[in-house]
file query.txt (compact mmCIF, C-alpha atoms)
# COMPACT_ATOMS: atom_id res chain seq x y z
CA MET A 132 -2.87 21.32 -2.80
CA LYS A 133 -4.71 21.98 0.44
CA ARG A 134 -3.30 21.05 3.81
CA ILE A 135 -4.86 20.07 7.07
CA LEU A 136 -3.02 19.68 10.35
CA VAL A 137 -3.61 16.69 12.58
CA ARG A 138 -2.58 16.46 16.22
CA THR A 139 -1.62 12.90 16.99
CA PRO A 140 -1.08 10.78 20.11
CA LYS A 141 2.07 8.72 20.71
CA GLU A 142 0.55 5.97 18.60
CA GLY A 143 -2.92 5.59 17.20
CA LEU A 144 -5.32 5.62 14.31
CA VAL A 145 -6.70 9.15 14.14
CA ASP A 146 -9.98 9.39 12.24
CA ILE A 147 -9.55 12.22 9.70
CA THR A 148 -12.65 11.50 7.61
CA GLY A 149 -14.46 14.65 8.69
CA ALA A 150 -11.37 16.85 8.46
CA VAL A 151 -10.72 15.67 4.91
CA GLU A 152 -14.33 16.29 3.94
CA GLY A 153 -13.98 19.81 5.33
CA ALA A 154 -11.50 20.50 2.54
CA LEU A 155 -13.54 19.04 -0.33
CA GLU A 156 -15.79 22.03 -1.10
CA GLY A 157 -18.52 19.97 -2.68
CA HIS A 158 -16.14 18.03 -4.93
CA THR A 159 -17.34 14.96 -6.81
CA GLY A 160 -14.76 12.59 -8.27
CA LEU A 161 -11.61 11.34 -6.60
CA VAL A 162 -9.61 12.81 -3.75
CA TYR A 163 -5.86 12.42 -3.37
CA LEU A 164 -4.35 12.36 0.12
CA PHE A 165 -0.65 12.42 0.99
CA VAL A 166 1.34 12.66 4.21
CA PRO A 167 4.81 14.24 3.84
CA HIS A 168 6.15 12.10 6.68
CA THR A 169 8.13 8.87 7.04
CA THR A 170 6.89 7.49 10.37
CA CYS A 171 3.12 7.66 9.90
CA GLY A 172 0.72 6.51 7.19
CA LEU A 173 -2.75 6.76 5.72
CA ALA A 174 -5.22 3.90 5.88
CA VAL A 175 -8.84 3.12 5.21
CA GLN A 176 -10.13 0.83 7.89
CA GLU A 177 -13.11 0.05 10.09
CA GLY A 178 -14.21 2.99 12.19
CA ALA A 179 -17.29 1.58 13.88
CA ASP A 180 -15.58 -0.46 16.61
CA PRO A 181 -12.51 1.16 18.19
CA ASP A 182 -11.34 -2.30 19.20
CA VAL A 183 -10.31 -2.88 15.60
CA ALA A 184 -7.76 -0.06 15.85
CA HIS A 185 -6.53 -1.51 19.14
CA ASP A 186 -6.00 -4.91 17.61
CA LEU A 187 -4.32 -3.51 14.51
CA LEU A 188 -1.85 -1.45 16.55
CA GLN A 189 -1.13 -4.32 18.94
CA ARG A 190 -0.49 -6.74 16.10
CA LEU A 191 1.62 -4.21 14.16
CA SER A 192 3.73 -3.57 17.25
CA GLU A 193 4.64 -7.25 17.24
CA LEU A 194 5.48 -7.28 13.54
CA ALA A 195 7.58 -4.15 14.04
CA PRO A 196 8.83 -4.17 17.63
CA ARG A 197 10.21 -0.93 19.04
CA LEU A 198 13.59 -2.45 19.76
CA HIS A 199 15.43 -4.67 17.32
CA PRO A 200 18.95 -5.96 17.98
CA LYS A 201 20.13 -5.28 14.43
CA ASP A 202 18.78 -1.75 14.08
CA ARG A 203 21.39 0.86 13.15
CA HIS A 204 19.28 4.02 12.82
CA ARG A 205 20.08 6.01 15.93
CA GLU A 206 16.78 7.76 16.35
CA GLY A 207 15.31 4.51 17.63
CA ASN A 208 12.19 4.77 15.48
CA SER A 209 12.89 2.19 12.79
CA HIS A 210 9.78 0.34 13.93
CA ALA A 211 7.75 3.40 12.90
CA HIS A 212 9.48 3.63 9.52
CA LEU A 213 8.59 0.00 8.87
CA LYS A 214 4.96 0.50 9.86
CA SER A 215 4.82 3.54 7.58
CA LEU A 216 6.21 1.47 4.69
CA LEU A 217 3.64 -1.26 5.30
CA THR A 218 0.76 1.23 5.56
CA GLY A 219 1.65 3.65 2.76
CA VAL A 220 1.65 7.44 2.62
CA HIS A 221 -0.98 8.17 0.01
CA LEU A 222 -4.60 7.35 -0.72
CA LEU A 223 -6.95 7.96 -3.62
CA LEU A 224 -10.59 7.89 -2.58
CA PRO A 225 -14.02 8.42 -4.15
CA ALA A 226 -15.94 11.58 -3.25
CA GLU A 227 -19.43 12.75 -4.01
CA GLY A 228 -20.85 16.17 -3.27
CA GLY A 229 -18.10 16.99 -0.80
CA ARG A 230 -18.34 13.74 1.13
CA LEU A 231 -16.01 10.79 0.92
CA ARG A 232 -17.88 7.91 -0.64
CA LEU A 233 -16.64 4.92 1.29
CA GLY A 234 -17.94 1.54 2.30
CA ARG A 235 -20.35 1.22 5.19
CA TRP A 236 -17.67 0.41 7.77
CA GLN A 237 -14.80 2.43 6.32
CA GLN A 238 -13.24 5.57 7.73
CA VAL A 239 -9.99 7.32 6.78
CA PHE A 240 -7.23 7.27 9.36
CA LEU A 241 -3.89 8.90 9.85
CA ALA A 242 -1.90 6.08 11.40
CA GLU A 243 0.54 7.62 13.86
CA TYR A 244 3.47 5.38 14.72
CA ASP A 245 5.91 7.89 16.22
CA GLY A 246 4.00 10.70 17.93
CA PRO A 247 2.84 12.78 19.49
CA ARG A 248 3.26 15.26 16.66
CA GLU A 249 1.46 17.72 14.48
CA ARG A 250 1.16 16.03 11.10
CA GLU A 251 0.20 17.46 7.72
CA VAL A 252 -2.19 15.84 5.30
CA TRP A 253 -2.10 17.19 1.75
CA ILE A 254 -5.40 17.01 -0.12
CA ARG A 255 -6.17 17.43 -3.79
CA PRO A 256 -9.47 16.93 -5.61
CA LEU A 257 -9.06 15.01 -8.85
CA MET B 136 -18.17 4.88 -10.82
CA LYS B 137 -18.87 1.40 -12.14
CA ARG B 138 -19.18 -1.61 -9.91
CA ILE B 139 -18.47 -5.25 -10.38
CA LEU B 140 -19.40 -7.99 -7.95
CA VAL B 141 -16.93 -10.70 -6.99
CA ARG B 142 -17.84 -13.97 -5.30
CA THR B 143 -15.01 -14.94 -2.99
CA PRO B 144 -13.89 -18.09 -1.16
CA LYS B 145 -13.12 -18.17 2.56
CA GLU B 146 -9.66 -16.91 1.78
CA GLY B 147 -7.89 -16.46 -1.50
CA LEU B 148 -6.53 -14.28 -4.26
CA VAL B 149 -9.31 -13.97 -6.83
CA ASP B 150 -8.08 -12.92 -10.26
CA ILE B 151 -10.29 -10.01 -11.34
CA THR B 152 -8.19 -8.86 -14.31
CA GLY B 153 -10.75 -9.93 -16.90
CA ALA B 154 -13.71 -8.64 -14.91
CA VAL B 155 -12.07 -5.23 -14.55
CA GLU B 156 -11.29 -5.11 -18.26
CA GLY B 157 -14.93 -5.87 -18.93
CA ALA B 158 -15.77 -2.48 -17.43
CA LEU B 159 -13.16 -0.44 -19.30
CA GLU B 160 -15.05 0.15 -22.57
CA GLY B 161 -11.93 0.71 -24.61
CA HIS B 162 -10.44 3.19 -22.17
CA THR B 163 -6.80 4.28 -22.49
CA GLY B 164 -5.14 6.01 -19.56
CA LEU B 165 -5.34 5.01 -15.91
CA VAL B 166 -7.95 2.97 -14.08
CA TYR B 167 -8.87 3.48 -10.45
CA LEU B 168 -10.03 0.49 -8.40
CA PHE B 169 -11.47 0.59 -4.89
CA VAL B 170 -13.01 -1.98 -2.56
CA PRO B 171 -15.50 -0.56 -0.03
CA HIS B 172 -14.56 -3.24 2.50
CA THR B 173 -12.30 -3.55 5.53
CA THR B 174 -11.33 -7.23 5.50
CA CYS B 175 -10.19 -7.68 1.92
CA GLY B 176 -7.79 -5.83 -0.36
CA LEU B 177 -6.58 -5.25 -3.90
CA ALA B 178 -3.20 -6.40 -5.10
CA VAL B 179 -1.16 -6.75 -8.25
CA GLN B 180 0.81 -9.97 -8.13
CA GLU B 181 2.00 -12.92 -10.14
CA GLY B 182 -0.81 -14.81 -11.82
CA ALA B 183 1.12 -17.39 -13.84
CA ASP B 184 1.89 -19.84 -11.04
CA PRO B 185 -0.94 -20.38 -8.54
CA ASP B 186 1.66 -21.54 -6.02
CA VAL B 187 2.64 -17.90 -5.54
CA ALA B 188 -0.84 -17.13 -4.17
CA HIS B 189 -0.60 -20.19 -1.91
CA ASP B 190 2.71 -19.05 -0.49
CA LEU B 191 1.52 -15.46 -0.02
CA LEU B 192 -1.59 -16.53 1.88
CA GLN B 193 0.32 -19.03 3.98
CA ARG B 194 2.93 -16.49 4.94
CA LEU B 195 0.34 -13.77 5.59
CA SER B 196 -1.58 -16.11 7.86
CA GLU B 197 1.52 -16.40 10.01
CA LEU B 198 2.07 -12.62 10.12
CA ALA B 199 -1.60 -12.17 11.02
CA PRO B 200 -2.75 -15.31 12.82
CA ARG B 201 -6.47 -15.87 13.18
CA LEU B 202 -6.32 -15.94 16.96
CA HIS B 203 -4.34 -13.45 18.99
CA PRO B 204 -4.42 -13.39 22.79
CA LYS B 205 -4.67 -9.59 22.97
CA ASP B 206 -7.43 -9.12 20.39
CA ARG B 207 -10.47 -7.22 21.67
CA HIS B 208 -12.62 -7.01 18.52
CA ARG B 209 -15.39 -9.51 19.14
CA GLU B 210 -16.05 -10.50 15.56
CA GLY B 211 -12.84 -12.51 15.62
CA ASN B 212 -11.62 -11.20 12.28
CA SER B 213 -8.89 -8.79 13.36
CA HIS B 214 -6.42 -10.90 11.38
CA ALA B 215 -8.37 -10.01 8.24
CA HIS B 216 -8.42 -6.31 9.11
CA LEU B 217 -4.65 -6.40 9.49
CA LYS B 218 -4.14 -8.18 6.17
CA SER B 219 -6.42 -5.60 4.53
CA LEU B 220 -4.35 -2.77 6.02
CA LEU B 221 -1.13 -4.36 4.75
CA THR B 222 -2.57 -4.97 1.28
CA GLY B 223 -4.47 -1.74 0.70
CA VAL B 224 -7.96 -1.10 -0.68
CA HIS B 225 -7.23 0.86 -3.85
CA LEU B 226 -5.16 0.55 -6.99
CA LEU B 227 -4.35 2.83 -9.89
CA LEU B 228 -3.33 0.93 -13.01
CA PRO B 229 -2.38 1.65 -16.61
CA ALA B 230 -4.89 0.76 -19.34
CA GLU B 231 -4.70 0.79 -23.11
CA GLY B 232 -7.55 0.20 -25.49
CA GLY B 233 -9.72 -1.37 -22.83
CA ARG B 234 -7.05 -3.76 -21.51
CA LEU B 235 -5.02 -3.37 -18.35
CA ARG B 236 -1.43 -2.72 -19.33
CA LEU B 237 0.52 -4.68 -16.76
CA GLY B 238 3.84 -6.42 -16.52
CA ARG B 239 4.31 -9.84 -18.08
CA TRP B 240 3.63 -11.76 -14.87
CA GLN B 241 1.16 -9.39 -13.25
CA GLN B 242 -2.55 -9.93 -12.69
CA VAL B 243 -4.99 -7.98 -10.52
CA PHE B 244 -6.39 -9.78 -7.51
CA LEU B 245 -9.06 -9.20 -4.95
CA ALA B 246 -7.43 -10.57 -1.82
CA GLU B 247 -10.16 -12.12 0.30
CA TYR B 248 -9.23 -12.53 3.94
CA ASP B 249 -12.65 -13.03 5.55
CA GLY B 250 -14.99 -14.75 3.12
CA PRO B 251 -16.86 -16.26 1.56
CA ARG B 252 -18.69 -13.10 0.55
CA GLU B 253 -19.92 -11.13 -2.38
CA ARG B 254 -17.54 -8.19 -2.67
CA GLU B 255 -17.84 -4.98 -4.69
CA VAL B 256 -15.04 -3.47 -6.73
CA TRP B 257 -15.57 0.12 -7.80
CA ILE B 258 -13.94 1.09 -11.09
CA ARG B 259 -13.32 4.47 -12.63
CA PRO B 260 -11.39 5.34 -15.78
CA LEU B 261 -9.06 8.30 -15.31
CA MET C 207 3.61 6.58 -20.36
CA LYS C 208 7.33 7.20 -19.99
CA ARG C 209 9.73 4.56 -18.77
CA ILE C 210 12.97 4.69 -16.90
CA LEU C 211 15.29 1.75 -16.32
CA VAL C 212 16.78 1.09 -12.92
CA ARG C 213 19.72 -1.22 -12.24
CA THR C 214 19.25 -2.86 -8.90
CA PRO C 215 21.39 -4.77 -6.41
CA LYS C 216 20.42 -8.18 -4.98
CA GLU C 217 18.32 -6.40 -2.42
CA GLY C 218 18.05 -2.74 -1.56
CA LEU C 219 16.17 0.54 -1.61
CA VAL C 220 17.33 2.35 -4.74
CA ASP C 221 16.71 6.09 -4.62
CA ILE C 222 14.95 6.98 -7.89
CA THR C 223 13.86 10.50 -6.93
CA GLY C 224 16.20 12.22 -9.37
CA ALA C 225 15.55 9.75 -12.16
CA VAL C 226 11.80 10.28 -11.83
CA GLU C 227 12.23 14.04 -11.84
CA GLY C 228 14.24 13.70 -15.03
CA ALA C 229 11.06 12.51 -16.73
CA LEU C 230 8.72 15.22 -15.43
CA GLU C 231 9.49 17.98 -17.96
CA GLY C 232 8.40 20.78 -15.68
CA HIS C 233 5.11 19.14 -14.76
CA THR C 234 3.03 20.50 -11.89
CA GLY C 235 0.27 18.32 -10.44
CA LEU C 236 0.49 14.64 -9.61
CA VAL C 237 2.81 11.97 -10.92
CA TYR C 238 1.85 8.33 -11.29
CA LEU C 239 4.54 5.66 -10.89
CA PHE C 240 4.17 1.94 -11.59
CA VAL C 241 6.54 -1.03 -11.65
CA PRO C 242 5.48 -3.87 -13.98
CA HIS C 243 7.12 -6.43 -11.69
CA THR C 244 6.04 -8.82 -8.95
CA THR C 245 9.13 -9.06 -6.75
CA CYS C 246 9.94 -5.39 -6.18
CA GLY C 247 7.95 -2.37 -5.06
CA LEU C 248 7.78 1.40 -4.85
CA ALA C 249 8.01 3.24 -1.54
CA VAL C 250 8.36 6.71 -0.14
CA GLN C 251 10.68 6.63 2.83
CA GLU C 252 13.45 8.48 4.62
CA GLY C 253 16.45 9.12 2.42
CA ALA C 254 18.65 11.19 4.74
CA ASP C 255 20.07 8.35 6.85
CA PRO C 256 20.93 5.15 4.91
CA ASP C 257 20.63 3.23 8.16
CA VAL C 258 16.86 3.51 7.84
CA ALA C 259 16.97 1.45 4.63
CA HIS C 260 19.23 -1.07 6.35
CA ASP C 261 16.82 -1.47 9.23
CA LEU C 262 13.78 -1.73 6.95
CA LEU C 263 15.37 -4.46 4.83
CA GLN C 264 16.62 -6.36 7.86
CA ARG C 265 13.21 -6.27 9.53
CA LEU C 266 11.40 -7.16 6.29
CA SER C 267 13.70 -10.14 5.79
CA GLU C 268 12.51 -11.48 9.14
CA LEU C 269 8.83 -10.93 8.30
CA ALA C 270 9.39 -12.62 4.94
CA PRO C 271 12.27 -15.08 5.35
CA ARG C 272 13.91 -16.41 2.21
CA LEU C 273 13.12 -20.00 3.09
CA HIS C 274 9.75 -21.11 4.36
CA PRO C 275 8.92 -24.78 4.96
CA LYS C 276 5.45 -24.48 3.41
CA ASP C 277 6.44 -22.63 0.24
CA ARG C 278 5.39 -24.35 -2.99
CA HIS C 279 6.56 -21.85 -5.62
CA ARG C 280 9.64 -23.45 -7.13
CA GLU C 281 11.52 -20.31 -8.02
CA GLY C 282 12.34 -19.85 -4.35
CA ASN C 283 11.44 -16.17 -4.32
CA SER C 284 8.12 -16.20 -2.50
CA HIS C 285 9.70 -13.98 0.15
CA ALA C 286 10.17 -11.33 -2.53
CA HIS C 287 6.58 -11.68 -3.74
CA LEU C 288 5.37 -11.12 -0.19
CA LYS C 289 7.55 -8.04 0.29
CA SER C 290 6.26 -6.70 -3.03
CA LEU C 291 2.68 -7.22 -1.88
CA LEU C 292 3.38 -5.44 1.42
CA THR C 293 5.13 -2.53 -0.31
CA GLY C 294 2.89 -2.00 -3.32
CA VAL C 295 3.70 -1.46 -7.00
CA HIS C 296 2.34 2.02 -7.63
CA LEU C 297 2.63 5.51 -6.20
CA LEU C 298 0.89 8.80 -6.81
CA LEU C 299 2.99 11.79 -5.77
CA PRO C 300 2.78 15.58 -5.83
CA ALA C 301 4.99 17.46 -8.29
CA GLU C 302 5.70 21.12 -8.81
CA GLY C 303 7.67 22.62 -11.66
CA GLY C 304 9.25 19.32 -12.59
CA ARG C 305 10.31 18.38 -9.06
CA LEU C 306 8.63 15.90 -6.76
CA ARG C 307 7.11 17.80 -3.89
CA LEU C 308 7.73 15.56 -0.92
CA GLY C 309 8.22 15.95 2.79
CA ARG C 310 11.57 17.09 4.13
CA TRP C 311 12.88 13.58 4.81
CA GLN C 312 11.14 11.72 2.01
CA GLN C 313 12.69 10.20 -1.10
CA VAL C 314 11.21 7.78 -3.63
CA PHE C 315 12.67 4.29 -3.70
CA LEU C 316 12.45 1.26 -5.89
CA ALA C 317 12.53 -1.52 -3.32
CA GLU C 318 14.38 -4.44 -4.87
CA TYR C 319 13.68 -7.76 -3.20
CA ASP C 320 14.90 -10.21 -5.85
CA GLY C 321 17.76 -8.69 -7.81
CA PRO C 322 20.07 -7.87 -9.27
CA ARG C 323 17.96 -6.92 -12.26
CA GLU C 324 17.16 -4.13 -14.64
CA ARG C 325 13.74 -2.87 -13.57
CA GLU C 326 11.30 -0.57 -15.37
CA VAL C 327 9.44 2.28 -13.73
CA TRP C 328 6.53 3.66 -15.71
CA ILE C 329 5.82 7.35 -15.18
CA ARG C 330 2.82 9.43 -16.10
CA PRO C 331 2.07 13.06 -15.24
CA LEU C 332 -1.51 13.59 -14.10
call {"tool": "encode", "arguments": {"input": "query.txt", "output": "C-alpha cells"}}
result
Amino acid sequence: MKRILVRTPKEGLVDITGAVEGALEGHTGLVYLFVPHTTCGLAVQEGADPDVAHDLLQRLSELAPRLHPKDRHREGNSHAHLKSLLTGVHLLLPAEGGRLRLGRWQQVFLAEYDGPREREVWIRPL
Amino acid sequence: MKRILVRTPKEGLVDITGAVEGALEGHTGLVYLFVPHTTCGLAVQEGADPDVAHDLLQRLSELAPRLHPKDRHREGNSHAHLKSLLTGVHLLLPAEGGRLRLGRWQQVFLAEYDGPREREVWIRPL
Amino acid sequence: MKRILVRTPKEGLVDITGAVEGALEGHTGLVYLFVPHTTCGLAVQEGADPDVAHDLLQRLSELAPRLHPKDRHREGNSHAHLKSLLTGVHLLLPAEGGRLRLGRWQQVFLAEYDGPREREVWIRPL
C-alpha cells in the first residue's frame, strides 16, 4: 500500500488526481484509494468549474451545521464526522497506463471537513 | 472494461440489474461498476415497491433543492452534483454464474439526478 | 463469500470490526464487505468516543425524519431506506495479517436504521 500526503485547508475539495496518478507507475486496471481518517472523505466530482465545489461545500454545511444543540461529542466536529459518513472514505477507480480513466468532467478529491491538516491517502493498484 | 448505455428520465432510479447481468458472461466473483458522470450515481436499493424510489427522490430533492440562494455554478444543477456526491459513482457487488448475488429486496439502480440523458455504466468483472 | 450475523438494536452503529477480523484467517490485502439489506449500511467511522455515533444518528434522523408527509411506501421505513442510500451497502478495506488496517480512530460499523433485526454481512478477501 502506497501513501501520499495531502495538505488541506480548513474545509475544501482538494484535487488529488495528479498526486494519485503519480503513484500508479503505469498501472492498468483498478486503483483502490482509502483515507485513514474520520472527518474527511474521498469523492469523484466535477473539477472543471470550481464553483461546483463551492456549492457542494455550502450545501453540505447546511445539511451538517457546525453547531447542533443535541451534539454530545466534545471535540465540536460532529458536523465533519457526518460529512465524512455521507461522502465515504474509499474509492475504487479505473486506471489505464498510469492515468486514472475517469469521465470527461470528473476529478478525484479529498474532501476536507475539519482541517487544516496533513492527511494520508492510501493507494493500491488492483 | 465493458460499457452499457442507459437512457434516463429527467430524474429517477433506473433499474439496471438486468443490463449489468447481460455483461457478466457467467462471471463468478465481484463486479465493479462505475459511472463516468458527475450528476448521477449508482445505488443498491429496494426494487420490489416502486414507492421506495418515489420517497427517496422526494426526500433527496428536499435535502438538495434545485434552487439555492448561494449557488454559484451557472449550469443550475448543483443540486444534482450534491445528490451524486451523496450517492457515489461506483459499486462493487457479488456475482455468481453471471447473475448479481444480492439481497432479497435489492436491485441495482442508476440514480439520475439531471436527465434526461444517455448515461454510460462501465463494468468490470473482478 | 463468508457470512457473519449481526444482532442489531432499533437504531445504532454496531461495531463489527472484531467480527469481521474473525473471518479474515490471516489475510493480507483488501477485504470486501457487503450487506444484502436495504435499510442498513456499512460505514467506517470513529469508534473511540461513543458520542460520535450518538451525534451521527441524531443528525441523520433530522435529515431523514421517520415521518414525511409525501411518503408513499406503506411500510413506514422510507427514512431508513434513505439513510441506507446515504451510507452505502459495501466497503473495501485494507487488511494485514488477519487484522483490518484502519486509521487510528476508525472502526467498522453496521449502521442499523430499521431494527432490531439479525443482519448478514458478507465478507470476501481480495
call {"tool": "closest_atom_pairs", "arguments": {"input": "query.txt", "of": "chain B", "to": "chain A", "cutoff": "12 Å", "atoms": "all atoms listed in the file", "output": "JSON lines"}}
result
{"residue": "B:Met136", "atom": "CA", "partner": "A:Pro225", "partner_atom": "CA", "distance": 8.6}
{"residue": "B:Lys137", "atom": "CA", "partner": "A:Pro225", "partner_atom": "CA", "distance": 11.7}
{"residue": "B:Val166", "atom": "CA", "partner": "A:Leu223", "partner_atom": "CA", "distance": 11.6}
{"residue": "B:Tyr167", "atom": "CA", "partner": "A:Leu223", "partner_atom": "CA", "distance": 8.4}
{"residue": "B:Leu168", "atom": "CA", "partner": "A:Leu223", "partner_atom": "CA", "distance": 9.4}
{"residue": "B:Phe169", "atom": "CA", "partner": "A:Leu224", "partner_atom": "CA", "distance": 7.7}
{"residue": "B:Val170", "atom": "CA", "partner": "A:Gly234", "partner_atom": "CA", "distance": 7.8}
{"residue": "B:Pro171", "atom": "CA", "partner": "A:Gly234", "partner_atom": "CA", "distance": 4.0}
{"residue": "B:His172", "atom": "CA", "partner": "A:Gly234", "partner_atom": "CA", "distance": 5.9}
{"residue": "B:Thr173", "atom": "CA", "partner": "A:Gln176", "partner_atom": "CA", "distance": 5.4}
{"residue": "B:Thr174", "atom": "CA", "partner": "A:Gln176", "partner_atom": "CA", "distance": 8.5}
{"residue": "B:Cys175", "atom": "CA", "partner": "A:Gln176", "partner_atom": "CA", "distance": 10.4}
{"residue": "B:Gly176", "atom": "CA", "partner": "A:Val175", "partner_atom": "CA", "distance": 10.6}
{"residue": "B:Leu195", "atom": "CA", "partner": "A:Leu194", "partner_atom": "CA", "distance": 11.5}
{"residue": "B:Glu197", "atom": "CA", "partner": "A:Leu194", "partner_atom": "CA", "distance": 10.6}
{"residue": "B:Leu198", "atom": "CA", "partner": "A:Leu194", "partner_atom": "CA", "distance": 7.2}
{"residue": "B:Ala199", "atom": "CA", "partner": "A:Arg190", "partner_atom": "CA", "distance": 7.5}
{"residue": "B:Pro200", "atom": "CA", "partner": "A:Arg190", "partner_atom": "CA", "distance": 9.5}
{"residue": "B:Arg201", "atom": "CA", "partner": "A:Arg190", "partner_atom": "CA", "distance": 11.3}
{"residue": "B:Leu202", "atom": "CA", "partner": "A:Arg190", "partner_atom": "CA", "distance": 10.9}
{"residue": "B:His203", "atom": "CA", "partner": "A:Arg190", "partner_atom": "CA", "distance": 8.3}
{"residue": "B:Pro204", "atom": "CA", "partner": "A:Asp186", "partner_atom": "CA", "distance": 10.1}
{"residue": "B:Lys205", "atom": "CA", "partner": "A:Asp186", "partner_atom": "CA", "distance": 7.2}
{"residue": "B:Asp206", "atom": "CA", "partner": "A:Asp186", "partner_atom": "CA", "distance": 5.2}
{"residue": "B:Arg207", "atom": "CA", "partner": "A:Asp182", "partner_atom": "CA", "distance": 5.6}
{"residue": "B:His208", "atom": "CA", "partner": "A:Asp182", "partner_atom": "CA", "distance": 4.9}
{"residue": "B:Arg209", "atom": "CA", "partner": "A:Asp182", "partner_atom": "CA", "distance": 8.3}
{"residue": "B:Glu210", "atom": "CA", "partner": "A:Val183", "partner_atom": "CA", "distance": 9.5}
{"residue": "B:Gly211", "atom": "CA", "partner": "A:Val183", "partner_atom": "CA", "distance": 10.0}
{"residue": "B:Asn212", "atom": "CA", "partner": "A:Val183", "partner_atom": "CA", "distance": 9.1}
{"residue": "B:Ser213", "atom": "CA", "partner": "A:Asp186", "partner_atom": "CA", "distance": 6.4}
{"residue": "B:His214", "atom": "CA", "partner": "A:Leu187", "partner_atom": "CA", "distance": 8.3}
{"residue": "B:Ala215", "atom": "CA", "partner": "A:Leu187", "partner_atom": "CA", "distance": 9.9}
{"residue": "B:His216", "atom": "CA", "partner": "A:Leu187", "partner_atom": "CA", "distance": 7.3}
{"residue": "B:Leu217", "atom": "CA", "partner": "A:Leu187", "partner_atom": "CA", "distance": 5.8}
{"residue": "B:Lys218", "atom": "CA", "partner": "A:Leu187", "partner_atom": "CA", "distance": 9.6}
{"residue": "B:Ser219", "atom": "CA", "partner": "A:Gln176", "partner_atom": "CA", "distance": 8.1}
{"residue": "B:Leu220", "atom": "CA", "partner": "A:Thr218", "partner_atom": "CA", "distance": 6.5}
{"residue": "B:Leu221", "atom": "CA", "partner": "A:Leu217", "partner_atom": "CA", "distance": 5.7}
{"residue": "B:Thr222", "atom": "CA", "partner": "A:Thr218", "partner_atom": "CA", "distance": 8.2}
{"residue": "B:Gly223", "atom": "CA", "partner": "A:Ala174", "partner_atom": "CA", "distance": 7.7}
{"residue": "B:Val224", "atom": "CA", "partner": "A:Val175", "partner_atom": "CA", "distance": 7.3}
{"residue": "B:His225", "atom": "CA", "partner": "A:Leu223", "partner_atom": "CA", "distance": 7.1}
{"residue": "B:Leu226", "atom": "CA", "partner": "A:Leu223", "partner_atom": "CA", "distance": 8.3}
{"residue": "B:Leu227", "atom": "CA", "partner": "A:Leu223", "partner_atom": "CA", "distance": 8.5}
{"residue": "B:Arg254", "atom": "CA", "partner": "A:Gly234", "partner_atom": "CA", "distance": 10.9}
{"residue": "B:Glu255", "atom": "CA", "partner": "A:Gly234", "partner_atom": "CA", "distance": 9.6}
{"residue": "B:Val256", "atom": "CA", "partner": "A:Gly234", "partner_atom": "CA", "distance": 10.7}
{"residue": "B:Trp257", "atom": "CA", "partner": "A:Pro225", "partner_atom": "CA", "distance": 9.2}
{"residue": "B:Ile258", "atom": "CA", "partner": "A:Pro225", "partner_atom": "CA", "distance": 10.1}
{"residue": "B:Arg259", "atom": "CA", "partner": "A:Leu161", "partner_atom": "CA", "distance": 9.3}
{"residue": "B:Pro260", "atom": "CA", "partner": "A:Gly160", "partner_atom": "CA", "distance": 11.0}
{"residue": "B:Leu261", "atom": "CA", "partner": "A:Leu257", "partner_atom": "CA", "distance": 9.3}
call {"tool": "closest_residue", "arguments": {"input": "query.txt", "among": "C:Ala254, C:Ala317, C:Leu306, C:Pro322", "to": "C:Ala225", "atoms": "all atoms listed in the file"}}
result
C:Leu306
call {"tool": "atom_distance", "arguments": {"input": "query.txt", "atom1": "atom CA of B:Glu156", "atom2": "atom CA of B:Ile139"}}
result
10.7 Å
call {"tool": "calpha_fit_rmsd", "arguments": {"input": "query.txt", "fixed": "chain A", "moving": "chain C"}}
result
0.0 Å
call {"tool": "atom_distance", "arguments": {"input": "query.txt", "atom1": "atom CA of C:Ile222", "atom2": "atom CA of C:Leu316"}}
result
6.6 Å
call {"tool": "atom_distance", "arguments": {"input": "query.txt", "atom1": "atom CA of A:Gly246", "atom2": "atom CA of C:Val314"}}
result
22.9 Å
call {"tool": "decode", "arguments": {"input": "query.txt", "residues": "stretch 191-215 of chain A", "atoms": "C-alpha atoms", "output": "tab-separated table (two decimals), in the first residue's frame"}}
result
chain	number	residue	atom	x	y	z
A	191	LEU	CA	-23.22	20.30	2.89
A	192	SER	CA	-22.60	22.86	5.62
A	193	GLU	CA	-26.35	23.37	5.83
A	194	LEU	CA	-27.08	19.64	5.96
A	195	ALA	CA	-24.42	19.26	8.64
A	196	PRO	CA	-24.18	22.56	10.51
A	197	ARG	CA	-21.13	23.15	12.68
A	198	LEU	CA	-23.20	23.60	15.81
A	199	HIS	CA	-26.08	21.33	16.74
A	200	PRO	CA	-27.96	21.66	20.03
A	201	LYS	CA	-28.05	17.90	20.64
A	202	ASP	CA	-24.40	17.15	19.90
A	203	ARG	CA	-22.55	15.39	22.72
A	204	HIS	CA	-19.11	14.84	21.18
A	205	ARG	CA	-16.90	17.38	22.89
A	206	GLU	CA	-14.47	17.99	20.09
A	207	GLY	CA	-17.13	20.03	18.33
A	208	ASN	CA	-16.54	18.38	14.96
A	209	SER	CA	-19.56	16.11	14.68
A	210	HIS	CA	-20.54	18.02	11.55
A	211	ALA	CA	-17.31	16.79	9.95
A	212	HIS	CA	-17.93	13.20	11.03
A	213	LEU	CA	-21.35	13.34	9.40
A	214	LYS	CA	-19.97	14.78	6.17
A	215	SER	CA	-17.33	12.05	6.16
